[in-house]
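Coordinates from data10.cif are shown below (mmCIF, C-alpha atoms).
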```
data_run
#
loop_
_atom_site.group_PDB
_atom_site.id
_atom_site.type_symbol
_atom_site.label_atom_id
_atom_site.label_comp_id
_atom_site.auth_asym_id
_atom_site.auth_seq_id
_atom_site.Cartn_x
_atom_site.Cartn_y
_atom_site.Cartn_z
ATOM 1 C CA MET Z 244 -17.798 -55.744 -29.607
ATOM 2 C CA GLN Z 245 -18.012 -52.467 -27.697
ATOM 3 C CA ASN Z 246 -15.106 -51.196 -25.643
ATOM 4 C CA PHE Z 247 -16.554 -50.031 -22.339
ATOM 5 C CA SER Z 248 -14.725 -47.940 -19.773
ATOM 6 C CA ARG Z 249 -15.160 -49.581 -16.362
ATOM 7 C CA GLN Z 250 -14.038 -46.340 -14.732
ATOM 8 C CA HIS Z 251 -16.752 -44.417 -16.592
ATOM 9 C CA ILE Z 252 -19.420 -46.925 -15.531
ATOM 10 C CA GLN Z 253 -18.285 -46.818 -11.909
ATOM 11 C CA LYS Z 254 -18.224 -43.014 -11.857
ATOM 12 C CA HIS Z 255 -21.712 -42.600 -13.267
ATOM 13 C CA PHE Z 256 -23.315 -45.209 -11.022
ATOM 14 C CA ASN Z 257 -21.641 -43.654 -7.989
ATOM 15 C CA HIS Z 258 -23.107 -40.307 -9.035
ATOM 16 C CA ALA Z 259 -26.568 -41.787 -9.718
ATOM 17 C CA ALA Z 260 -26.827 -43.794 -6.469
ATOM 18 C CA PRO Z 261 -28.954 -41.241 -4.517
ATOM 19 C CA SER Z 262 -31.502 -40.877 -7.361
ATOM 20 C CA TYR Z 263 -31.484 -44.493 -8.554
ATOM 21 C CA ASP Z 264 -34.461 -45.938 -6.690
ATOM 22 C CA ASP Z 265 -36.854 -43.163 -7.728
ATOM 23 C CA ALA Z 266 -36.173 -43.802 -11.431
ATOM 24 C CA ALA Z 267 -35.597 -47.580 -11.375
ATOM 25 C CA ILE Z 268 -39.203 -48.577 -12.098
ATOM 26 C CA LEU Z 269 -38.232 -51.168 -14.686
ATOM 27 C CA GLN Z 270 -35.428 -52.567 -12.532
ATOM 28 C CA LYS Z 271 -37.879 -53.156 -9.670
ATOM 29 C CA THR Z 272 -40.341 -54.921 -11.973
ATOM 30 C CA VAL Z 273 -37.676 -57.166 -13.476
ATOM 31 C CA ALA Z 274 -36.345 -58.024 -9.998
ATOM 32 C CA ASP Z 275 -39.851 -59.315 -9.236
ATOM 33 C CA ARG Z 276 -39.701 -61.441 -12.387
ATOM 34 C CA ILE Z 277 -36.428 -63.070 -11.291
ATOM 35 C CA ASP Z 278 -37.863 -63.801 -7.857
ATOM 36 C CA GLU Z 279 -40.932 -65.405 -9.450
ATOM 37 C CA ARG Z 280 -38.719 -67.642 -11.589
ATOM 38 C CA LEU Z 281 -36.663 -68.712 -8.595
ATOM 39 C CA GLU Z 282 -39.947 -69.887 -7.044
ATOM 40 C CA LEU Z 283 -40.076 -72.536 -9.789
ATOM 41 C CA THR Z 284 -36.649 -73.988 -8.950
ATOM 42 C CA THR Z 285 -35.881 -76.622 -6.322
ATOM 43 C CA ILE Z 286 -32.376 -75.371 -5.601
ATOM 44 C CA GLU Z 287 -31.451 -74.846 -1.936
ATOM 45 C CA PRO Z 288 -28.305 -72.733 -2.151
ATOM 46 C CA LYS Z 289 -25.964 -72.168 0.751
ATOM 47 C CA THR Z 290 -23.944 -69.397 -0.904
ATOM 48 C CA ILE Z 291 -25.437 -66.800 -3.258
ATOM 49 C CA LEU Z 292 -23.993 -63.899 -5.225
ATOM 50 C CA ASP Z 293 -26.136 -61.010 -6.452
ATOM 51 C CA LEU Z 294 -23.890 -59.502 -9.118
ATOM 52 C CA GLY Z 295 -24.547 -55.888 -10.004
ATOM 53 C CA ALA Z 296 -26.682 -55.656 -6.877
ATOM 54 C CA GLY Z 297 -26.987 -51.870 -7.081
ATOM 55 C CA THR Z 298 -29.244 -50.572 -4.323
ATOM 56 C CA GLY Z 299 -30.306 -54.076 -3.301
ATOM 57 C CA LEU Z 300 -33.655 -54.307 -5.102
ATOM 58 C CA LEU Z 301 -33.124 -57.993 -5.898
ATOM 59 C CA THR Z 302 -30.872 -58.772 -2.924
ATOM 60 C CA GLU Z 303 -33.701 -57.940 -0.532
ATOM 61 C CA LYS Z 304 -35.900 -60.538 -2.212
ATOM 62 C CA ILE Z 305 -33.109 -63.132 -2.179
ATOM 63 C CA ILE Z 306 -32.659 -62.646 1.587
ATOM 64 C CA LYS Z 307 -36.352 -63.404 2.094
ATOM 65 C CA ARG Z 308 -36.394 -66.378 -0.264
ATOM 66 C CA TYR Z 309 -33.236 -68.004 1.111
ATOM 67 C CA PRO Z 310 -33.137 -66.871 4.756
ATOM 68 C CA THR Z 311 -30.344 -69.204 5.881
ATOM 69 C CA ALA Z 312 -28.008 -68.708 2.914
ATOM 70 C CA GLU Z 313 -24.782 -66.742 2.905
ATOM 71 C CA ILE Z 314 -25.545 -63.876 0.514
ATOM 72 C CA PHE Z 315 -23.139 -61.385 -1.040
ATOM 73 C CA ALA Z 316 -24.303 -58.190 -2.774
ATOM 74 C CA VAL Z 317 -21.576 -57.383 -5.311
ATOM 75 C CA ASP Z 318 -21.359 -54.100 -7.197
ATOM 76 C CA LEU Z 319 -18.758 -51.992 -8.978
ATOM 77 C CA SER Z 320 -20.173 -48.872 -7.292
ATOM 78 C CA ALA Z 321 -19.411 -48.391 -3.600
ATOM 79 C CA LYS Z 322 -22.018 -45.616 -3.440
ATOM 80 C CA MET Z 323 -24.715 -47.979 -4.687
ATOM 81 C CA LEU Z 324 -23.864 -50.429 -1.915
ATOM 82 C CA GLU Z 325 -24.067 -47.626 0.658
ATOM 83 C CA ILE Z 326 -27.630 -46.893 -0.484
ATOM 84 C CA ALA Z 327 -28.362 -50.646 -0.408
ATOM 85 C CA ALA Z 328 -27.274 -51.039 3.226
ATOM 86 C CA PRO Z 329 -30.793 -50.946 4.796
ATOM 87 C CA ARG Z 330 -32.047 -53.615 2.375
ATOM 88 C CA LEU Z 331 -29.134 -55.905 3.170
ATOM 89 C CA GLN Z 332 -29.858 -56.076 6.890
ATOM 90 C CA ALA Z 333 -31.424 -59.010 8.712
ATOM 91 C CA PRO Z 334 -34.706 -58.328 10.577
ATOM 92 C CA ARG Z 335 -34.392 -56.663 13.952
ATOM 93 C CA TRP Z 336 -36.251 -57.629 17.094
ATOM 94 C CA SER Z 337 -35.966 -54.323 18.928
ATOM 95 C CA LYS Z 338 -39.657 -54.178 19.822
ATOM 96 C CA LEU Z 339 -39.555 -57.497 21.680
ATOM 97 C CA PRO Z 340 -38.522 -58.026 25.321
ATOM 98 C CA ASN Z 341 -34.767 -58.500 25.665
ATOM 99 C CA ARG Z 342 -34.927 -62.147 26.805
ATOM 100 C CA LEU Z 343 -37.303 -63.130 23.977
ATOM 101 C CA ASN Z 344 -35.226 -61.117 21.524
ATOM 102 C CA GLN Z 345 -32.084 -63.022 22.500
ATOM 103 C CA PHE Z 346 -33.896 -66.366 22.324
ATOM 104 C CA LEU Z 347 -35.104 -65.699 18.783
ATOM 105 C CA LYS Z 348 -31.620 -64.688 17.674
ATOM 106 C CA ASN Z 349 -30.150 -67.919 19.019
ATOM 107 C CA CYS Z 350 -32.795 -70.408 17.917
ATOM 108 C CA THR Z 351 -32.356 -72.436 14.729
ATOM 109 C CA ILE Z 352 -35.591 -72.379 12.763
ATOM 110 C CA THR Z 353 -34.884 -73.616 9.227
ATOM 111 C CA LYS Z 354 -37.227 -71.157 7.551
ATOM 112 C CA GLY Z 355 -38.189 -67.851 9.081
ATOM 113 C CA PHE Z 356 -36.986 -64.585 10.510
ATOM 114 C CA ALA Z 357 -35.026 -66.076 13.382
ATOM 115 C CA THR Z 358 -32.228 -67.439 11.197
ATOM 116 C CA ARG Z 359 -32.271 -64.870 8.420
ATOM 117 C CA LYS Z 360 -28.817 -63.466 7.762
ATOM 118 C CA ALA Z 361 -27.783 -60.068 6.493
ATOM 119 C CA ALA Z 362 -26.280 -59.899 3.029
ATOM 120 C CA LYS Z 363 -22.655 -58.783 2.878
ATOM 121 C CA PRO Z 364 -21.772 -55.890 0.528
ATOM 122 C CA VAL Z 365 -18.758 -56.483 -1.723
ATOM 123 C CA ASN Z 366 -17.346 -53.651 -3.851
ATOM 124 C CA ALA Z 367 -15.852 -55.563 -6.794
ATOM 125 C CA ASP Z 368 -15.868 -55.936 -10.560
ATOM 126 C CA VAL Z 369 -17.576 -59.000 -12.042
ATOM 127 C CA TYR Z 370 -14.554 -59.492 -14.296
ATOM 128 C CA GLN Z 371 -12.505 -60.367 -11.198
ATOM 129 C CA LEU Z 372 -14.673 -61.770 -8.411
ATOM 130 C CA PRO Z 373 -13.036 -62.074 -4.965
ATOM 131 C CA PHE Z 374 -14.408 -65.576 -4.377
ATOM 132 C CA ALA Z 375 -12.739 -68.970 -4.429
ATOM 133 C CA ASP Z 376 -13.192 -71.535 -7.190
ATOM 134 C CA ASN Z 377 -16.279 -73.754 -6.790
ATOM 135 C CA SER Z 378 -17.541 -71.807 -3.778
ATOM 136 C CA VAL Z 379 -20.979 -70.555 -4.905
ATOM 137 C CA ASP Z 380 -24.313 -72.351 -5.421
ATOM 138 C CA LEU Z 381 -26.381 -69.604 -7.063
ATOM 139 C CA ILE Z 382 -25.605 -66.452 -9.022
ATOM 140 C CA VAL Z 383 -28.350 -63.930 -9.753
ATOM 141 C CA SER Z 384 -27.940 -60.725 -11.723
ATOM 142 C CA ASN Z 385 -30.552 -58.125 -12.585
ATOM 143 C CA LEU Z 386 -29.893 -55.879 -15.597
ATOM 144 C CA MET Z 387 -26.128 -55.712 -15.170
ATOM 145 C CA LEU Z 388 -24.636 -57.757 -18.015
ATOM 146 C CA GLN Z 389 -25.348 -55.045 -20.604
ATOM 147 C CA TRP Z 390 -22.475 -53.146 -18.973
ATOM 148 C CA CYS Z 391 -20.034 -55.956 -19.806
ATOM 149 C CA ASP Z 392 -18.492 -55.879 -23.279
ATOM 150 C CA ASP Z 393 -16.795 -59.298 -23.018
ATOM 151 C CA LEU Z 394 -19.441 -61.865 -22.095
ATOM 152 C CA ASP Z 395 -17.105 -64.828 -22.552
ATOM 153 C CA ARG Z 396 -14.720 -63.445 -19.971
ATOM 154 C CA VAL Z 397 -17.520 -62.622 -17.531
ATOM 155 C CA PHE Z 398 -19.252 -65.988 -17.902
ATOM 156 C CA GLN Z 399 -15.940 -67.800 -17.456
ATOM 157 C CA GLU Z 400 -15.510 -65.963 -14.165
ATOM 158 C CA PHE Z 401 -19.057 -66.918 -13.135
ATOM 159 C CA ARG Z 402 -18.311 -70.532 -14.034
ATOM 160 C CA ARG Z 403 -15.082 -70.450 -12.031
ATOM 161 C CA VAL Z 404 -16.796 -69.554 -8.749
ATOM 162 C CA LEU Z 405 -19.876 -71.750 -9.264
ATOM 163 C CA ARG Z 406 -19.925 -75.258 -7.880
ATOM 164 C CA GLN Z 407 -20.785 -78.117 -10.210
ATOM 165 C CA GLU Z 408 -24.542 -78.054 -10.899
ATOM 166 C CA GLY Z 409 -24.745 -74.503 -9.552
ATOM 167 C CA LEU Z 410 -27.291 -72.176 -11.165
ATOM 168 C CA ILE Z 411 -26.971 -68.797 -12.844
ATOM 169 C CA MET Z 412 -30.143 -66.722 -13.384
ATOM 170 C CA PHE Z 413 -29.949 -63.273 -14.931
ATOM 171 C CA THR Z 414 -31.577 -60.544 -16.957
ATOM 172 C CA THR Z 415 -30.031 -58.105 -19.397
ATOM 173 C CA PHE Z 416 -31.111 -55.833 -22.234
ATOM 174 C CA GLY Z 417 -31.601 -57.014 -25.826
ATOM 175 C CA PRO Z 418 -31.113 -55.209 -29.182
ATOM 176 C CA ASP Z 419 -34.517 -53.492 -29.299
ATOM 177 C CA THR Z 420 -33.808 -51.593 -26.081
ATOM 178 C CA LEU Z 421 -34.144 -47.818 -26.506
ATOM 179 C CA LYS Z 422 -34.789 -48.254 -30.227
ATOM 180 C CA GLU Z 423 -36.696 -44.934 -30.333
ATOM 181 C CA LEU Z 424 -33.762 -43.042 -28.828
ATOM 182 C CA LYS Z 425 -31.382 -44.718 -31.285
ATOM 183 C CA GLN Z 426 -33.616 -43.764 -34.209
ATOM 184 C CA ALA Z 427 -33.856 -40.149 -33.043
ATOM 185 C CA TRP Z 428 -30.085 -39.861 -32.677
ATOM 186 C CA GLN Z 429 -29.605 -41.383 -36.138
ATOM 187 C CA THR Z 430 -31.668 -38.536 -37.522
ATOM 188 C CA ALA Z 431 -29.703 -35.903 -35.622
ATOM 189 C CA ASP Z 432 -26.186 -37.346 -35.805
ATOM 190 C CA ALA Z 433 -25.825 -40.401 -38.050
ATOM 191 C CA ASP Z 434 -22.005 -40.393 -37.843
ATOM 192 C CA TYR Z 435 -21.857 -41.288 -34.151
ATOM 193 C CA GLU Z 436 -23.539 -43.868 -31.896
ATOM 194 C CA HIS Z 437 -24.991 -42.166 -28.831
ATOM 195 C CA VAL Z 438 -26.647 -45.290 -27.383
ATOM 196 C CA ASN Z 439 -24.970 -48.529 -26.290
ATOM 197 C CA ASN Z 440 -25.627 -51.591 -28.431
ATOM 198 C CA PHE Z 441 -27.161 -54.647 -26.765
ATOM 199 C CA ILE Z 442 -26.478 -58.320 -27.473
ATOM 200 C CA ASP Z 443 -29.022 -60.724 -28.964
ATOM 201 C CA MET Z 444 -30.190 -63.470 -26.609
ATOM 202 C CA HIS Z 445 -29.011 -66.226 -28.964
ATOM 203 C CA ASP Z 446 -25.475 -64.849 -28.828
ATOM 204 C CA ILE Z 447 -25.720 -64.748 -25.035
ATOM 205 C CA GLY Z 448 -26.751 -68.416 -25.012
ATOM 206 C CA ASP Z 449 -23.785 -69.299 -27.219
ATOM 207 C CA ALA Z 450 -21.435 -67.455 -24.849
ATOM 208 C CA LEU Z 451 -22.806 -69.454 -21.915
ATOM 209 C CA ILE Z 452 -22.080 -72.753 -23.675
ATOM 210 C CA ARG Z 453 -18.570 -71.627 -24.642
ATOM 211 C CA SER Z 454 -17.930 -70.809 -20.977
ATOM 212 C CA GLY Z 455 -18.881 -74.228 -19.652
ATOM 213 C CA PHE Z 456 -22.573 -73.828 -18.864
ATOM 214 C CA GLY Z 457 -25.133 -76.406 -19.897
ATOM 215 C CA GLN Z 458 -28.772 -76.312 -20.976
ATOM 216 C CA PRO Z 459 -29.111 -72.515 -21.191
ATOM 217 C CA VAL Z 460 -32.698 -71.307 -21.434
ATOM 218 C CA MET Z 461 -33.239 -67.873 -22.978
ATOM 219 C CA ASP Z 462 -36.393 -65.853 -23.521
ATOM 220 C CA MET Z 463 -37.377 -62.212 -23.653
ATOM 221 C CA GLU Z 464 -40.193 -59.788 -22.959
ATOM 222 C CA ILE Z 465 -40.841 -56.238 -24.107
ATOM 223 C CA PHE Z 466 -41.558 -53.368 -21.724
ATOM 224 C CA THR Z 467 -42.621 -49.937 -22.941
ATOM 225 C CA LEU Z 468 -42.315 -46.965 -20.603
ATOM 226 C CA THR Z 469 -44.157 -43.814 -21.634
ATOM 227 C CA TYR Z 470 -43.327 -40.152 -21.099
ATOM 228 C CA ASP Z 471 -44.916 -36.789 -21.732
ATOM 229 C CA LYS Z 472 -41.754 -35.505 -23.416
ATOM 230 C CA PRO Z 473 -38.567 -37.068 -24.848
ATOM 231 C CA ILE Z 474 -36.450 -35.248 -22.275
ATOM 232 C CA GLY Z 475 -38.117 -37.411 -19.618
ATOM 233 C CA VAL Z 476 -36.450 -40.503 -21.088
ATOM 234 C CA LEU Z 477 -33.022 -38.897 -20.854
ATOM 235 C CA LYS Z 478 -33.594 -37.690 -17.298
ATOM 236 C CA ASP Z 479 -34.517 -41.194 -16.144
ATOM 237 C CA LEU Z 480 -31.485 -42.699 -17.864
ATOM 238 C CA LYS Z 481 -29.244 -40.171 -16.146
ATOM 239 C CA ALA Z 482 -30.930 -40.814 -12.789
ATOM 240 C CA ILE Z 483 -30.022 -44.510 -12.944
ATOM 241 C CA GLY Z 484 -26.500 -43.903 -14.282
ATOM 242 C CA ALA Z 485 -27.229 -45.357 -17.730
ATOM 243 C CA THR Z 486 -24.983 -43.368 -20.035
ATOM 244 C CA ASN Z 487 -22.904 -44.177 -23.101
ATOM 245 C CA ALA Z 488 -19.927 -46.093 -21.649
ATOM 246 C CA ASN Z 489 -18.046 -46.659 -24.905
ATOM 247 C CA LYS Z 490 -14.421 -45.486 -24.764
ATOM 248 C CA GLN Z 491 -14.849 -44.089 -28.279
ATOM 249 C CA ARG Z 492 -17.778 -41.871 -27.259
ATOM 250 C CA ASN Z 493 -17.615 -38.209 -28.193
ATOM 251 C CA SER Z 494 -16.311 -36.464 -25.075
ATOM 252 C CA GLY Z 495 -16.875 -32.995 -26.466
ATOM 253 C CA LEU Z 496 -19.834 -30.758 -25.714
ATOM 254 C CA MET Z 497 -23.061 -31.559 -27.550
ATOM 255 C CA GLY Z 498 -24.297 -28.659 -29.648
ATOM 256 C CA LYS Z 499 -27.701 -27.295 -28.683
ATOM 257 C CA GLN Z 500 -28.924 -27.435 -32.278
ATOM 258 C CA ARG Z 501 -28.063 -31.114 -32.696
ATOM 259 C CA PHE Z 502 -29.593 -32.007 -29.330
ATOM 260 C CA ALA Z 503 -32.791 -30.135 -30.215
ATOM 261 C CA LEU Z 504 -32.911 -31.946 -33.555
ATOM 262 C CA MET Z 505 -32.746 -35.266 -31.722
ATOM 263 C CA LEU Z 506 -35.553 -34.270 -29.342
ATOM 264 C CA ASN Z 507 -37.747 -33.179 -32.263
ATOM 265 C CA ALA Z 508 -37.086 -36.471 -34.087
ATOM 266 C CA TYR Z 509 -37.977 -38.405 -30.937
ATOM 267 C CA ASP Z 510 -41.169 -36.373 -30.471
ATOM 268 C CA GLU Z 511 -42.319 -37.455 -33.930
ATOM 269 C CA LEU Z 512 -42.424 -41.035 -32.594
ATOM 270 C CA ARG Z 513 -45.193 -40.075 -30.171
ATOM 271 C CA ASN Z 514 -47.958 -42.676 -29.956
ATOM 272 C CA PRO Z 515 -51.153 -41.145 -31.419
ATOM 273 C CA LEU Z 516 -53.378 -43.292 -29.208
ATOM 274 C CA ASP Z 517 -52.215 -41.873 -25.895
ATOM 275 C CA ASN Z 518 -50.065 -38.960 -27.137
ATOM 276 C CA LYS Z 519 -47.137 -40.325 -25.119
ATOM 277 C CA VAL Z 520 -43.486 -40.771 -26.047
ATOM 278 C CA PRO Z 521 -42.447 -44.457 -25.852
ATOM 279 C CA ALA Z 522 -39.200 -45.933 -24.570
ATOM 280 C CA THR Z 523 -38.894 -49.626 -25.435
ATOM 281 C CA TYR Z 524 -36.858 -52.086 -23.375
ATOM 282 C CA GLU Z 525 -36.201 -55.630 -24.538
ATOM 283 C CA VAL Z 526 -35.500 -57.603 -21.366
ATOM 284 C CA VAL Z 527 -33.659 -60.879 -21.928
ATOM 285 C CA HIS Z 528 -34.065 -63.604 -19.305
ATOM 286 C CA GLY Z 529 -31.551 -66.411 -19.033
ATOM 287 C CA HIS Z 530 -30.575 -69.265 -16.778
ATOM 288 C CA ALA Z 531 -28.111 -72.112 -17.074
ATOM 289 C CA TRP Z 532 -26.407 -74.753 -14.964
ATOM 290 C CA ALA Z 533 -22.718 -75.110 -14.224
ATOM 291 C CA ALA Z 534 -22.401 -78.308 -16.220
ATOM 292 C CA GLN Z 535 -21.143 -79.044 -19.700
ATOM 293 C CA GLU Z 536 -23.698 -78.795 -22.483
ATOM 294 C CA VAL Z 537 -24.819 -82.142 -23.875
ATOM 295 C CA ILE Z 538 -23.815 -81.727 -27.512
ATOM 296 C CA LYS Z 539 -25.835 -83.569 -30.116
ATOM 297 C CA GLY Z 540 -24.777 -84.226 -33.679
ATOM 298 C CA PRO Z 541 -21.601 -85.470 -35.410
ATOM 299 C CA ASN Z 542 -19.225 -83.595 -33.070
ATOM 300 C CA ARG Z 543 -20.645 -85.020 -29.841
ATOM 301 C CA ASP Z 544 -18.546 -86.992 -27.370
ATOM 302 C CA LYS Z 545 -18.710 -90.596 -28.600
ATOM 303 C CA SER Z 546 -16.778 -92.255 -25.782
ATOM 304 C CA GLY Z 547 -18.604 -95.377 -24.588
ATOM 305 C CA HIS Z 548 -20.604 -95.632 -27.808
ATOM 306 C CA ILE Z 549 -20.338 -98.365 -30.439
ATOM 307 C CA GLU Z 550 -20.811 -97.419 -34.085
ATOM 308 C CA ILE Z 551 -22.408 -99.999 -36.367
ATOM 309 C CA SER Z 552 -23.679 -99.751 -39.917
ATOM 310 C CA LEU Z 553 -27.337 -100.312 -40.755
ATOM 311 C CA ASP Z 554 -26.450 -103.434 -42.771
ATOM 312 C CA GLU Z 555 -24.473 -104.895 -39.892
ATOM 313 C CA PHE Z 556 -27.298 -104.028 -37.500
ATOM 314 C CA SER Z 557 -29.760 -105.900 -39.752
ATOM 315 C CA LYS Z 558 -27.475 -108.961 -39.790
ATOM 316 C CA GLN Z 559 -27.273 -108.932 -36.006
ATOM 317 C CA LEU Z 560 -31.076 -108.884 -35.756
ATOM 318 C CA LYS Z 561 -31.359 -111.952 -38.049
ATOM 319 C CA LYS Z 562 -29.046 -114.074 -35.902
#
```
Could I get this file's structure written as structure tokens?
Amino acid sequence: MQNFSRQHIQKHFNHAAPSYDDAAILQKTVADRIDERLELTTIEPKTILDLGAGTGLLTEKIIKRYPTAEIFAVDLSAKMLEIAAPRLQAPRWSKLPNRLNQFLKNCTITKGFATRKAAKPVNADVYQLPFADNSVDLIVSNLMLQWCDDLDRVFQEFRRVLRQEGLIMFTTFGPDTLKELKQAWQTADADYEHVNNFIDMHDIGDALIRSGFGQPVMDMEIFTLTYDKPIGVLKDLKAIGATNANKQRNSGLMGKQRFALMLNAYDELRNPLDNKVPATYEVVHGHAWAAQEVIKGPNRDKSGHIEISLDEFSKQLKK
């Protein structure tokens, strides 16, 4: 288990907020994926949390998909939520005549712009959500969980606020994420981990079950971003605030020689087909329901069941 500094994470995302959207190409794509998966559900949530909402890339889609729901955009970074503000707003009717504008605001169309609500920004940590027990119908989270080093604790908090049969749908990064950068750093500085480690999707599924979720479904897909030079990878990571958050990270200055060695090692991983430098991201998708897992096997709940031997069963059939 890694030991992340929440203060470090908050600081770097606050700093990256103004540049985030320009570099968050993958985050935008994965937000689309979550929205597409929600299309396949029949849930009609009244209260929704977007956890790790950032600049509102996913929140904006949730507002459109569930126009009458009460939506909260939650993030550890207040600066991120400031940038998100325009995306969290309900549609305006400023171009319409005043009387028609007022009518549309007051009418109660079930689906459509007239009843769409603004999402409310909430500056909070997912380890301690400011929401009551059993008060939420749907939790969505786009590429945030990799910044949590205690999944059991986080999922238990999610389970606390979710109503029975509520849904959690999320994405996070898997172990193959930034494997090229890890390999390059291993060549340059094998004694120290410069890149965060990411949890396997099977371990994430196990954590969900331990925390009271049922029927977790996990899958993954690989994205490969390409760059002209290795330094482009690092610039994008900095622009979105993705730095090494481990408390045991080396806080001293990085020597120029060691950094150059890493860049040269990364450059050797250039794809000969397109002469580009790859950056791999393993995106893990998961969803689960706020209901106990149905456990099969010898340790399952046997209340209400009658055990009978095969011989006794055969005798009963002959009667």
Given only C-alpha atoms as the counted atoms, nearest of Z:Leu405, Z:Leu372, Z:Val397, Z:Leu319 to Pro288 in chain Z: Z:Leu405
Exercise: residues within 7 Å of coordinate (-25.9, -80.2, -12.3), counting all atoms listed in the file, as a list in words: Gln407, Glu408, Gly409, Trp532, Ala533 and Ala534 of chain Z
Contact residues around range 507-509 of chain Z with all atoms listed in the file at 12 Å, ignoring same-chain residues under 3 positions, as a PyMOL selection string: chain Z and resi 421-432+470-477+500-504+512-514+519-522
Among listed residues Z:Leu283, Z:Gly297, Z:Phe416, Z:Ala361, nearest Thr311 in chain Z (using all atoms listed in the file): Z:Ala361
Contacts of range 267-277 of chain Z at 7 Å (all atoms listed in the file; same-chain gap of 4+ positions) as a list in words: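 Final neighbour list, sorted by chain and number: Tyr263, Leu281, Leu300, Leu301, Asn385 and Ile483 of chain Z.
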Selection dump of the PyMOL selection byres ((chain Z and resi 366) around 6), as number ranges by chain: Z: 317-319, 321, 365, 367
Separation of CA of Phe441 in chain Z from CA of Lys304 in chain Z in Å: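 Pair CA of Lys304 in chain Z / CA of Phe441 in chain Z returns 26.7 Å.
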Residue nearest Phe315 in chain Z among Z:Ser454, Z:Gln389, Z:Thr290, Z:Gln332 (counting only C-alpha atoms):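 Using only C-alpha atoms, Phe315 in chain Z sits closest to Z:Thr290.
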With all atoms of range 360-378 of chain Z from the file as input, state the centre and edge lengths in Å to one decimal of the axis-aligned box that has 4 Å extra on each side, as JSON.
```
{"center_x": -20.7, "center_y": -63.7, "center_z": -3.3, "size_x": 24.3, "size_y": 28.1, "size_z": 30.1}
```
Answer as a PDB file with C-alpha atoms, in the frame of the given file, residues within 12 Å of (-26.4, -60.3, -1.6) using only C-alpha atoms:
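Produced file out30.pdb, reproduced below:
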```pdb
ATOM      1  CA  THR Z 290     -23.944 -69.397  -0.904  1.00  0.00           C
ATOM      2  CA  ILE Z 291     -25.437 -66.800  -3.258  1.00  0.00           C
ATOM      3  CA  LEU Z 292     -23.993 -63.899  -5.225  1.00  0.00           C
ATOM      4  CA  ASP Z 293     -26.136 -61.010  -6.452  1.00  0.00           C
ATOM      5  CA  LEU Z 294     -23.890 -59.502  -9.118  1.00  0.00           C
ATOM      6  CA  GLY Z 295     -24.547 -55.888 -10.004  1.00  0.00           C
ATOM      7  CA  ALA Z 296     -26.682 -55.656  -6.877  1.00  0.00           C
ATOM      8  CA  GLY Z 297     -26.987 -51.870  -7.081  1.00  0.00           C
ATOM      9  CA  THR Z 298     -29.244 -50.572  -4.323  1.00  0.00           C
ATOM     10  CA  GLY Z 299     -30.306 -54.076  -3.301  1.00  0.00           C
ATOM     11  CA  LEU Z 300     -33.655 -54.307  -5.102  1.00  0.00           C
ATOM     12  CA  LEU Z 301     -33.124 -57.993  -5.898  1.00  0.00           C
ATOM     13  CA  THR Z 302     -30.872 -58.772  -2.924  1.00  0.00           C
ATOM     14  CA  GLU Z 303     -33.701 -57.940  -0.532  1.00  0.00           C
ATOM     15  CA  LYS Z 304     -35.900 -60.538  -2.212  1.00  0.00           C
ATOM     16  CA  ILE Z 305     -33.109 -63.132  -2.179  1.00  0.00           C
ATOM     17  CA  ILE Z 306     -32.659 -62.646   1.587  1.00  0.00           C
ATOM     18  CA  LYS Z 307     -36.352 -63.404   2.094  1.00  0.00           C
ATOM     19  CA  ARG Z 308     -36.394 -66.378  -0.264  1.00  0.00           C
ATOM     20  CA  TYR Z 309     -33.236 -68.004   1.111  1.00  0.00           C
ATOM     21  CA  PRO Z 310     -33.137 -66.871   4.756  1.00  0.00           C
ATOM     22  CA  ALA Z 312     -28.008 -68.708   2.914  1.00  0.00           C
ATOM     23  CA  GLU Z 313     -24.782 -66.742   2.905  1.00  0.00           C
ATOM     24  CA  ILE Z 314     -25.545 -63.876   0.514  1.00  0.00           C
ATOM     25  CA  PHE Z 315     -23.139 -61.385  -1.040  1.00  0.00           C
ATOM     26  CA  ALA Z 316     -24.303 -58.190  -2.774  1.00  0.00           C
ATOM     27  CA  VAL Z 317     -21.576 -57.383  -5.311  1.00  0.00           C
ATOM     28  CA  ASP Z 318     -21.359 -54.100  -7.197  1.00  0.00           C
ATOM     29  CA  LEU Z 324     -23.864 -50.429  -1.915  1.00  0.00           C
ATOM     30  CA  ALA Z 327     -28.362 -50.646  -0.408  1.00  0.00           C
ATOM     31  CA  ALA Z 328     -27.274 -51.039   3.226  1.00  0.00           C
ATOM     32  CA  ARG Z 330     -32.047 -53.615   2.375  1.00  0.00           C
ATOM     33  CA  LEU Z 331     -29.134 -55.905   3.170  1.00  0.00           C
ATOM     34  CA  GLN Z 332     -29.858 -56.076   6.890  1.00  0.00           C
ATOM     35  CA  ALA Z 333     -31.424 -59.010   8.712  1.00  0.00           C
ATOM     36  CA  LYS Z 360     -28.817 -63.466   7.762  1.00  0.00           C
ATOM     37  CA  ALA Z 361     -27.783 -60.068   6.493  1.00  0.00           C
ATOM     38  CA  ALA Z 362     -26.280 -59.899   3.029  1.00  0.00           C
ATOM     39  CA  LYS Z 363     -22.655 -58.783   2.878  1.00  0.00           C
ATOM     40  CA  PRO Z 364     -21.772 -55.890   0.528  1.00  0.00           C
ATOM     41  CA  VAL Z 365     -18.758 -56.483  -1.723  1.00  0.00           C
ATOM     42  CA  ASN Z 366     -17.346 -53.651  -3.851  1.00  0.00           C
ATOM     43  CA  LEU Z 381     -26.381 -69.604  -7.063  1.00  0.00           C
ATOM     44  CA  ILE Z 382     -25.605 -66.452  -9.022  1.00  0.00           C
ATOM     45  CA  VAL Z 383     -28.350 -63.930  -9.753  1.00  0.00           C
ATOM     46  CA  SER Z 384     -27.940 -60.725 -11.723  1.00  0.00           C
ATOM     47  CA  ASN Z 385     -30.552 -58.125 -12.585  1.00  0.00           C
TER      48      ASN Z 385
END
```
